[in-house]
Each structure stands twice: as C-alpha cells, then as structure tokens.
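Asks: You'll find upload.txt just under this line, and it carries compact mmCIF, C-alpha atoms.
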# COMPACT_ATOMS: atom_id res chain seq x y z
CA MET A 544 14.97 43.42 -0.10
CA ARG A 545 12.56 41.39 -2.14
CA ILE A 546 11.41 37.90 -1.21
CA GLY A 547 14.00 35.43 -2.49
CA ALA A 548 16.81 37.99 -2.60
CA GLU A 549 20.10 36.98 -1.03
CA ALA A 550 20.98 39.17 1.94
CA PRO A 551 24.42 40.76 1.82
CA THR A 552 26.95 39.76 4.48
CA LEU A 553 27.21 42.61 6.96
CA THR A 554 28.81 43.16 10.37
CA LEU A 555 27.51 45.24 13.26
CA PRO A 556 28.55 45.81 16.89
CA ASP A 557 26.33 44.73 19.78
CA THR A 558 25.80 46.45 23.12
CA GLU A 559 28.40 44.25 24.85
CA GLY A 560 31.33 45.14 22.58
CA GLY A 561 31.02 42.09 20.31
CA GLN A 562 30.76 42.03 16.53
CA HIS A 563 28.13 40.06 14.60
CA THR A 564 28.41 39.08 10.95
CA PHE A 565 25.20 37.96 9.33
CA PRO A 566 23.75 36.00 7.75
CA ASP A 567 26.27 33.25 8.45
CA ARG A 568 24.66 30.61 6.19
CA ASP A 569 25.42 27.91 8.75
CA GLY A 570 22.20 25.98 8.32
CA ARG A 571 20.10 28.11 10.69
CA PRO A 572 17.41 30.59 9.74
CA THR A 573 18.14 34.19 10.73
CA VAL A 574 15.63 36.73 12.00
CA VAL A 575 16.59 40.39 11.63
CA VAL A 576 14.28 42.85 13.39
CA PHE A 577 14.77 46.56 12.88
CA THR A 578 13.69 48.14 16.13
CA CYS A 579 14.53 51.01 18.46
CA ASN A 580 14.08 52.41 21.95
CA HIS A 581 11.67 55.28 21.43
CA CYS A 582 8.85 53.94 19.27
CA PRO A 583 5.59 52.75 20.88
CA TYR A 584 5.09 50.09 18.22
CA ALA A 585 8.58 48.67 18.76
CA LEU A 586 8.05 48.73 22.53
CA ALA A 587 4.61 47.17 22.35
CA TRP A 588 5.89 44.28 20.21
CA HIS A 589 9.15 43.86 22.12
CA ASP A 590 8.08 41.19 24.63
CA ARG A 591 6.42 39.14 21.92
CA LEU A 592 9.63 39.20 19.89
CA LEU A 593 11.70 38.21 22.91
CA ARG A 594 9.44 35.20 23.38
CA VAL A 595 9.97 34.17 19.76
CA ALA A 596 13.75 34.40 20.24
CA ARG A 597 13.48 32.17 23.31
CA ASP A 598 11.10 29.71 21.66
CA TYR A 599 13.16 29.28 18.45
CA GLU A 600 16.60 28.55 19.83
CA ASP A 601 17.64 26.94 16.55
CA ALA A 602 17.24 30.28 14.75
CA ARG A 603 19.63 33.19 14.93
CA PHE A 604 17.81 36.28 16.16
CA LEU A 605 19.20 39.82 15.78
CA ALA A 606 17.67 43.18 16.74
CA VAL A 607 19.07 46.18 14.86
CA ASN A 608 18.70 49.85 15.74
CA SER A 609 19.45 52.09 12.75
CA ASN A 610 17.85 55.35 13.89
CA ASP A 611 19.64 58.68 13.75
CA ALA A 612 20.67 59.16 17.37
CA GLU A 613 21.48 62.85 16.92
CA ARG A 614 17.84 63.73 16.43
CA TYR A 615 16.60 60.86 18.60
CA PRO A 616 18.98 60.55 21.58
CA ALA A 617 16.83 57.79 23.08
CA ASP A 618 18.22 55.62 20.27
CA SER A 619 21.90 56.29 20.96
CA TYR A 620 24.36 53.45 21.47
CA GLU A 621 24.60 54.38 25.16
CA ALA A 622 20.82 54.28 25.51
CA MET A 623 20.78 50.86 23.82
CA ARG A 624 23.38 49.57 26.27
CA GLU A 625 21.47 50.98 29.23
CA ARG A 626 18.21 49.43 28.08
CA VAL A 627 19.65 45.94 27.71
CA ALA A 628 21.40 46.25 31.08
CA ARG A 629 18.21 47.52 32.73
CA ASP A 630 16.36 44.49 31.35
CA GLY A 631 19.00 42.15 32.77
CA GLY A 632 20.10 41.12 29.27
CA TRP A 633 18.22 40.00 26.17
CA PRO A 634 18.16 36.51 24.66
CA HIS A 635 19.63 37.95 21.45
CA PRO A 636 22.09 40.69 20.49
CA TYR A 637 20.99 44.31 20.07
CA LEU A 638 23.04 45.71 17.19
CA HIS A 639 23.90 49.31 16.42
CA ASP A 640 23.69 50.34 12.76
CA GLU A 641 25.24 53.77 13.13
CA SER A 642 25.96 54.25 9.42
CA GLN A 643 22.41 53.04 8.55
CA GLU A 644 23.98 50.83 5.87
CA VAL A 645 22.16 47.73 7.06
CA ALA A 646 18.78 49.46 7.10
CA ARG A 647 19.39 50.73 3.58
CA GLU A 648 20.52 47.32 2.31
CA TYR A 649 17.43 45.65 3.76
CA GLY A 650 15.08 48.46 2.83
CA ALA A 651 13.88 48.77 6.41
CA ARG A 652 10.94 51.17 6.63
CA THR A 653 9.64 51.04 10.16
CA THR A 654 10.37 49.96 13.69
CA PRO A 655 9.67 47.18 13.94
CA HIS A 656 10.30 45.69 10.51
CA VAL A 657 10.94 41.95 10.55
CA PHE A 658 12.97 39.92 8.03
CA VAL A 659 13.29 36.13 8.09
CA LEU A 660 16.20 34.65 6.13
CA ASP A 661 16.54 30.97 5.33
CA ALA A 662 19.66 28.89 5.93
CA GLU A 663 21.14 30.19 2.67
CA GLY A 664 20.56 33.79 3.65
CA ARG A 665 17.62 34.39 1.30
CA VAL A 666 14.71 36.55 2.40
CA ARG A 667 11.63 34.41 3.03
CA TYR A 668 9.46 36.84 5.02
CA GLN A 669 9.35 40.55 5.56
CA GLY A 670 6.81 42.68 7.35
CA ALA A 671 5.15 43.03 10.74
CA PRO A 672 5.43 40.54 13.63
CA ASP A 673 1.64 40.09 13.64
CA ALA A 674 -1.59 41.93 12.92
CA ASP A 675 -1.92 44.22 15.95
CA HIS A 676 0.65 45.86 18.23
CA ARG A 677 -2.00 46.32 20.92
CA ASP A 678 -3.06 42.68 21.06
CA GLU A 679 -0.59 40.58 23.07
CA ALA A 680 -2.56 37.45 22.18
CA GLN A 681 -1.39 37.75 18.58
CA GLY A 682 1.97 36.47 19.84
CA ALA A 683 4.01 37.51 16.77
CA ALA A 684 2.03 34.90 14.84
CA TRP A 685 3.14 36.00 11.37
CA LEU A 686 6.79 35.78 12.33
CA ARG A 687 6.27 32.36 13.96
CA GLU A 688 4.38 31.14 10.89
CA ALA A 689 7.26 32.21 8.64
CA LEU A 690 9.89 30.66 10.90
CA ASP A 691 7.99 27.38 11.09
CA ALA A 692 7.83 27.26 7.29
CA VAL A 693 11.51 28.07 6.82
CA ARG A 694 12.56 25.45 9.39
CA GLU A 695 10.50 22.86 7.51
CA GLY A 696 11.88 23.92 4.12
CA ARG A 697 8.55 25.35 2.96
CA GLU A 698 7.68 28.74 1.52
CA PRO A 699 5.80 30.82 4.09
CA ALA A 700 2.11 31.01 3.20
CA ARG A 701 2.29 34.76 3.88
CA PRO A 702 5.74 35.89 2.69
CA GLU A 703 5.03 39.62 2.93
CA THR A 704 2.95 41.87 5.13
CA ASP A 705 2.95 45.63 5.54
CA PRO A 706 5.39 46.63 8.26
CA VAL A 707 3.67 48.83 10.84
CA GLY A 708 5.45 51.23 13.16
CA CYS A 709 7.40 54.44 13.40
CA SER A 710 9.38 55.41 10.34
CA VAL A 711 13.11 54.61 10.41
CA LYS A 712 14.80 57.87 11.37
CA TRP A 713 17.23 58.60 8.56
CA ARG A 714 20.02 61.12 8.87
CA MET B 1271 -15.61 72.66 23.34
CA ARG B 1272 -12.64 72.74 20.96
CA VAL B 1273 -11.19 69.34 20.12
CA GLU B 1274 -7.86 69.10 18.31
CA LEU B 1275 -5.78 66.22 17.08
CA LEU B 1276 -2.18 67.06 16.26
CA TRP B 1277 -0.29 64.53 14.18
CA TRP B 1278 2.94 63.84 12.34
CA GLU B 1279 3.20 61.72 9.22
CA GLY B 1280 6.16 59.67 10.55
CA CYS B 1281 3.82 57.92 12.92
CA PRO B 1282 0.95 55.82 11.50
CA SER B 1283 -1.24 55.99 14.60
CA HIS B 1284 -3.27 59.14 13.94
CA PRO B 1285 -6.04 57.49 11.86
CA ASP B 1286 -6.70 55.05 14.73
CA ALA B 1287 -6.53 57.87 17.27
CA LEU B 1288 -8.96 59.96 15.21
CA ALA B 1289 -11.39 57.06 14.84
CA ASP B 1290 -11.24 56.39 18.60
CA LEU B 1291 -11.70 60.08 19.36
CA ARG B 1292 -14.72 60.46 17.05
CA SER B 1293 -16.24 57.33 18.50
CA VAL B 1294 -15.91 58.60 22.09
CA LEU B 1295 -17.23 62.05 21.15
CA GLY B 1296 -20.26 60.37 19.58
CA GLU B 1297 -20.86 58.17 22.61
CA GLU B 1298 -20.66 61.21 24.85
CA GLY B 1299 -23.06 63.17 22.66
CA VAL B 1300 -20.52 65.89 21.88
CA GLU B 1301 -21.23 67.28 18.42
CA THR B 1302 -17.96 69.04 17.84
CA PRO B 1303 -15.77 68.70 14.78
CA VAL B 1304 -12.21 67.57 15.36
CA ASP B 1305 -9.63 70.11 14.20
CA LEU B 1306 -6.71 68.31 12.60
CA LEU B 1307 -3.28 69.89 12.61
CA GLU B 1308 -0.33 68.28 10.88
CA VAL B 1309 2.97 69.12 12.53
CA GLN B 1310 5.70 69.06 9.91
CA THR B 1311 8.87 70.56 11.35
CA ASP B 1312 10.79 70.61 14.61
CA ALA B 1313 10.26 74.37 14.78
CA GLN B 1314 6.50 73.86 14.50
CA ALA B 1315 6.67 71.09 17.12
CA HIS B 1316 8.22 73.58 19.55
CA GLU B 1317 5.79 76.32 18.61
CA GLU B 1318 2.78 74.02 19.10
CA ARG B 1319 4.30 72.39 22.23
CA PHE B 1320 3.88 69.07 20.45
CA PRO B 1321 5.29 66.13 22.47
CA GLY B 1322 4.63 63.63 19.68
CA SER B 1323 2.01 62.05 17.48
CA PRO B 1324 -0.85 61.73 18.10
CA THR B 1325 -1.68 64.47 20.61
CA ILE B 1326 -5.31 65.16 21.50
CA ARG B 1327 -6.28 68.43 23.16
CA ILE B 1328 -9.61 69.50 24.59
CA ASP B 1329 -9.83 73.29 24.84
CA GLY B 1330 -6.06 73.38 24.58
CA GLU B 1331 -5.47 70.84 27.33
CA ASP B 1332 -3.71 67.56 26.50
CA VAL B 1333 -5.89 64.56 27.38
CA ILE B 1334 -2.73 62.92 28.74
CA PRO B 1335 -0.49 65.79 29.84
CA PRO B 1336 3.13 65.07 28.95
CA GLY B 1337 5.64 64.61 31.74
CA GLU B 1338 7.72 67.46 33.08
CA GLY B 1339 10.60 68.22 30.72
CA GLU B 1340 9.30 65.99 27.93
CA PRO B 1341 10.79 67.44 24.72
CA PHE B 1342 8.72 68.80 21.88
CA SER B 1343 9.68 67.02 18.67
CA LEU B 1344 8.61 65.03 15.65
CA THR B 1345 8.21 61.64 17.26
CA CYS B 1346 5.60 59.02 18.10
CA ARG B 1347 4.10 59.30 21.58
CA ILE B 1348 4.22 56.34 23.89
CA TYR B 1349 0.94 55.85 25.74
CA ARG B 1350 0.10 53.41 28.51
CA LEU B 1351 -3.32 51.80 28.39
CA ARG B 1352 -5.18 51.46 31.67
CA ASP B 1353 -4.14 47.81 31.89
CA GLY B 1354 -0.48 48.80 31.59
CA ARG B 1355 0.10 47.85 27.97
CA ILE B 1356 2.14 50.17 25.76
CA SER B 1357 0.22 51.71 22.90
CA ALA B 1358 0.69 54.21 20.08
CA THR B 1359 -2.71 55.74 20.88
CA PRO B 1360 -4.27 56.85 24.17
CA ASP B 1361 -6.70 54.66 26.07
CA THR B 1362 -10.23 55.58 24.97
CA GLU B 1363 -11.29 55.76 28.63
CA ASP B 1364 -8.67 58.43 29.25
CA VAL B 1365 -10.04 60.37 26.28
CA ARG B 1366 -13.58 59.96 27.62
CA HIS B 1367 -12.49 61.12 31.07
CA ALA B 1368 -10.91 64.27 29.60
CA ILE B 1369 -14.05 65.07 27.59
CA ARG B 1370 -16.32 64.62 30.61
CA ARG B 1371 -14.03 66.68 32.82
CA ARG B 1372 -14.10 69.54 30.33
CA ARG B 1373 -17.86 69.26 29.86
CA ASP B 1374 -18.44 69.26 33.61
CA ALA B 1375 -16.22 72.32 33.97
CA ASP B 1376 -18.24 74.12 31.28
CA ARG B 1377 -21.50 73.37 33.09
CA ARG B 1378 -20.36 74.92 36.34
Any chance you could give the structure as structure tokens?
Replies:
Amino acid sequence: MRIGAEAPTLTLPDTEGGQHTFPDRDGRPTVVVFTCNHCPYALAWHDRLLRVARDYEDARFLAVNSNDAERYPADSYEAMRERVARDGGWPHPYLHDESQEVAREYGARTTPHVFVLDAEGRVRYQGAPDADHRDEAQGAAWLREALDAVREGREPARPETDPVGCSVKWR
Amino acid sequence: MRVELLWWEGCPSHPDALADLRSVLGEEGVETPVDLLEVQTDAQAHEERFPGSPTIRIDGEDVIPPGEGEPFSLTCRIYRLRDGRISATPDTEDVRHAIRRRRDADRR
C-alpha cells in the first residue's frame, strides 16, 4: 500500500483463539508488522519491536505471519502458538494470515515489514524498523520516529524505507 | 584452499556475508577466490546439502556446521554471533577460526 492509502478492514485470528479486526479507526494509530518464526531478520528485530509495543501503549500493535506453512512448517499456526506460549505471552497479538490475503492487500515483501497507520487507518509509514538488524542500539528508531509523528498529527519525516528481511513465503 | 559461498535469492544477506568473508580472507592473507553458487530449487538444496542462505564452506566443510537433522531447503540461516545476538550472517570470528583451522590442517 502506498503512503496515504486507506487500509482495508480485515480480520485475522490470533494464537489464543481470538479474532482481530483492523484498523478499527478508534482514534489510535495502528502498527502492523509482517513477521514470522523462521527468519533471522525477524528474530533479530523481535525484541526491539516488543519494546516499541510496550512503550507505545496508546497504539494498537499487531504482528502478522503470512508465510506458507506447508513449505515452512516453522511458520505454522501451531508453531506460532508454541512460540508465544514459550515466551510467556507477547504484549500484542500474533495473527495468522493463512490465506495470505492481508499480506497481499498490504503489499508485504519481507519479514519484517512494518506499516504504521494513523487514527483514520491511512498508511503513514512503511519499511524497516530501523537501519540495521544486527545493531540493538538502533532500537527500532524509524518505527518510533513514525509513531511519534502520527501521534502528534505530523507527517513522518521518513515515510518510507526499504524493508529488509526474508522474502514473504507465498504459496 | 577452496572457499565457497552458497546463497539463495530469497535472503538478502549474501552480499554482507561475501563482503565479510572477503575481508577475513584478506586479513588472513589467503589469496583464494570465493566460488559463488546460487541455489535455486529445493531439489538443488538437497543435492548441495544446503541448510540455508548464506552457507560458507572451506574445502567442503561448513564454517558453522548445521545441527543434526537440520533440513536442507531454500531458507535463510539463523546464526548466533559470539555475543549471543541473532544474525543473518555468521560471526566474522567464526569464519576466521574456520579458515585458520583449515590452513593449520594443510600445513601439517
């Protein structure tokens, strides 16, 4: 999706049996992160993204796994459930996009690929969490910068960056 | 010494891995070209015993041997740096260690 485009309203199941419809246009920004279990980039950035979810409690944060689990069993729904349970729970839902509809609608290319939506559900940032998956100190700075701008009603200074990571595994 | 880097296009880490590898080879004074092999299919991944991208081999031996039962497939490899961080490329010190080990073995 292009910057400024309105995200479609979609519903996905989480690992706990709940359903999540997003964006809900309830006045909060929404962060949608396409991620997965098997990719080193997604794993390397994972803790930084969890910290953002904890630090921005007024934003809605959703992780989405769209990978083809037949070819990549580590990304199956069961494996997603096991991972969240093993971690003792996440601060945000981990959603399963089995049909890959959500990834197609968003134009997700990699894991991770981050989208920030404003309170009206319009895309205000898309790209990588920060400049380097190996550098913890980066702290998902690009995502934080975009969220800060959206919360303050500003356009992010850097609305797009190149997403970096493993390709989304299409069927 | 034969140095190979096997890679798959679905994973963007091979240019960084190649740069790191060439840098370590230079520092160690090893003047050997790096043979690049693109793995394109699951069948080729099995044939080449390719556990994911990037894979670096010195004289056929993986610088970070994959775990027992690790499948061969078109995927990105998960490496652990020496400080415990997850990375898409191997720790350069592990690559250096593998090169020195092979060189020492050749000298004996």
Asks: Could you list, as a count of residues only, the residues of chain B having an atom within 9 Å of chain A when counting all atoms listed in the file?
Replies: 15
Asks: I'd like the neighbourhood of Val659 of chain A as a list in words, where a residue qualifies if any of its atoms comes within 8 Å (using all atoms listed in the file), though same-chain residues fewer than 2 positions away should be ignored.
Replies: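 Residues near the query, excluding close chain neighbours: Pro572, Thr573, Val574, Val575, Val657, Asp661, Val666, Arg667, Tyr668, Gln669, Leu686, Ala689 and Leu690 of chain A.
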Asks: Do a neighbour search on Ala646 of chain A at 9 Å with only C-alpha atoms, toss out local chain neighbours closer than 4 positions, and write the hits as a list in words.
Replies: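 Final neighbour list, sorted by chain and number: Phe577, Val607, Asn608, Ser609, Asp640, Ser642, Gly650, Ala651, Arg652 and Val711 of chain A.
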Asks: Using only C-alpha atoms, which residue out of B:Leu1295, B:Ala1315, B:Asp1286, B:Leu1306 lies closest to Arg1373 of chain B?
Replies: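 Among the listed residues, B:Leu1295 lies closest to Arg1373 of chain B.
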Asks: With a distance cut-off of 10 Å and all atoms listed in the file, select the neighbouring residues of Val1294 of chain B, excluding the residue or stretch itself and same-chain residues fewer than 2 positions from it, and output the selection as an MDAnalysis selection string.
Replies: chainID B and resid 1288:1292 1296:1300 1362:1363 1365:1367 1369
Asks: Any idea what the distance is between atom CA of Ala628 of chain A and atom CA of Gly560 of chain A?
Replies: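 If I compute the distance from atom CA of Ala628 of chain A to atom CA of Gly560 of chain A, I get 13.1 Å.
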Asks: If you count only C-alpha atoms, which residues fall within 12 Å of Arg1319 of chain B, apart from same-chain ones fewer than 2 positions away, as a ChimeraX atom specification?
Replies: /B:1276,1309,1311-1317,1321-1323,1325,1327,1330-1332,1335-1336,1339-1344
Asks: Scan for residues within 9 Å of the point (-10.2, 70.7, 18.0) in the coordinates of the file, using all atoms listed in the file, and reply as a list of chain:residue names.
Replies: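 Within 9 Å of (-10.2, 70.7, 18.0), the protein and nucleic acid residues are B:Met1271, B:Arg1272, B:Val1273, B:Glu1274, B:Leu1275, B:Leu1276, B:Thr1302, B:Pro1303, B:Val1304, B:Asp1305, B:Leu1306, B:Leu1307, B:Ile1326, B:Arg1327, B:Ile1328, B:Asp1329, B:Gly1330.
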Asks: For each of A:Ala700, A:Ala548, A:Ala684, A:Ala692, take the minimum atom-to-atom distance to Tyr649 of chain A, counting only C-alpha atoms, then give the residue where this is smallest.
Replies: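 Smallest separation from Tyr649 of chain A among the options: A:Ala548.
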Asks: Would you work out the distance separating atom CA of Val645 of chain A from atom CA of Cys579 of chain A, expressed in Å to one decimal?
Replies: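 Atom CA of Val645 of chain A sits 14.1 Å away from atom CA of Cys579 of chain A.
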Asks: Between atom CA of Glu644 of chain A and atom CA of Tyr599 of chain A, measure the distance and give it in Å to one decimal.
Replies: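 Going from atom CA of Glu644 of chain A over to atom CA of Tyr599 of chain A covers 27.2 Å.
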Asks: Find the spatial neighbours of Ala683 of chain A, counting all atoms listed in the file, within a cut-off of 10 Å - ignore same-chain residues fewer than 3 positions away - and output them as a VMD selection string.
Replies: chain A and resid 588 to 595 671 to 676 678 to 680 686 to 688
Asks: Please complete segment 633-647 of chain A so it has N, CA and C atoms, and hand it over as an mmCIF file, keeping the file's coordinate frame.
Replies:
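Produced file part-v8.cif, reproduced below:
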data_model
loop_
_atom_site.group_PDB
_atom_site.id
_atom_site.type_symbol
_atom_site.label_atom_id
_atom_site.label_comp_id
_atom_site.auth_asym_id
_atom_site.auth_seq_id
_atom_site.Cartn_x
_atom_site.Cartn_y
_atom_site.Cartn_z
ATOM 1 N N TRP A 633 19.210 40.508 27.124
ATOM 2 C CA TRP A 633 18.220 40.000 26.170
ATOM 3 C C TRP A 633 18.670 38.625 25.678
ATOM 4 N N PRO A 634 17.757 37.828 25.164
ATOM 5 C CA PRO A 634 18.160 36.510 24.660
ATOM 6 C C PRO A 634 18.872 36.584 23.308
ATOM 7 N N HIS A 635 18.987 37.778 22.759
ATOM 8 C CA HIS A 635 19.630 37.950 21.450
ATOM 9 C C HIS A 635 20.388 39.269 21.446
ATOM 10 N N PRO A 636 21.330 39.438 20.528
ATOM 11 C CA PRO A 636 22.090 40.690 20.490
ATOM 12 C C PRO A 636 21.237 41.880 20.020
ATOM 13 N N TYR A 637 21.617 43.049 20.512
ATOM 14 C CA TYR A 637 20.990 44.310 20.070
ATOM 15 C C TYR A 637 22.091 45.083 19.347
ATOM 16 N N LEU A 638 21.957 45.207 18.034
ATOM 17 C CA LEU A 638 23.040 45.710 17.190
ATOM 18 C C LEU A 638 22.831 47.175 16.818
ATOM 19 N N HIS A 639 23.936 47.883 16.734
ATOM 20 C CA HIS A 639 23.900 49.310 16.420
ATOM 21 C C HIS A 639 24.343 49.528 14.982
ATOM 22 N N ASP A 640 23.432 50.075 14.182
ATOM 23 C CA ASP A 640 23.690 50.340 12.760
ATOM 24 C C ASP A 640 23.907 51.835 12.581
ATOM 25 N N GLU A 641 25.018 52.316 13.092
ATOM 26 C CA GLU A 641 25.240 53.770 13.130
ATOM 27 C C GLU A 641 25.252 54.386 11.734
ATOM 28 N N SER A 642 25.863 53.689 10.778
ATOM 29 C CA SER A 642 25.960 54.250 9.420
ATOM 30 C C SER A 642 24.637 54.109 8.654
ATOM 31 N N GLN A 643 23.711 53.341 9.176
ATOM 32 C CA GLN A 643 22.410 53.040 8.550
ATOM 33 C C GLN A 643 22.551 52.201 7.287
ATOM 34 N N GLU A 644 23.744 51.643 7.069
ATOM 35 C CA GLU A 644 23.980 50.830 5.870
ATOM 36 C C GLU A 644 23.079 49.592 5.854
ATOM 37 N N VAL A 645 22.944 48.968 7.010
ATOM 38 C CA VAL A 645 22.160 47.730 7.060
ATOM 39 C C VAL A 645 20.687 48.017 6.768
ATOM 40 N N ALA A 646 20.186 49.091 7.366
ATOM 41 C CA ALA A 646 18.780 49.460 7.100
ATOM 42 C C ALA A 646 18.565 49.757 5.621
ATOM 43 N N ARG A 647 19.526 50.425 5.015
ATOM 44 C CA ARG A 647 19.390 50.730 3.580
ATOM 45 C C ARG A 647 19.452 49.455 2.742
#
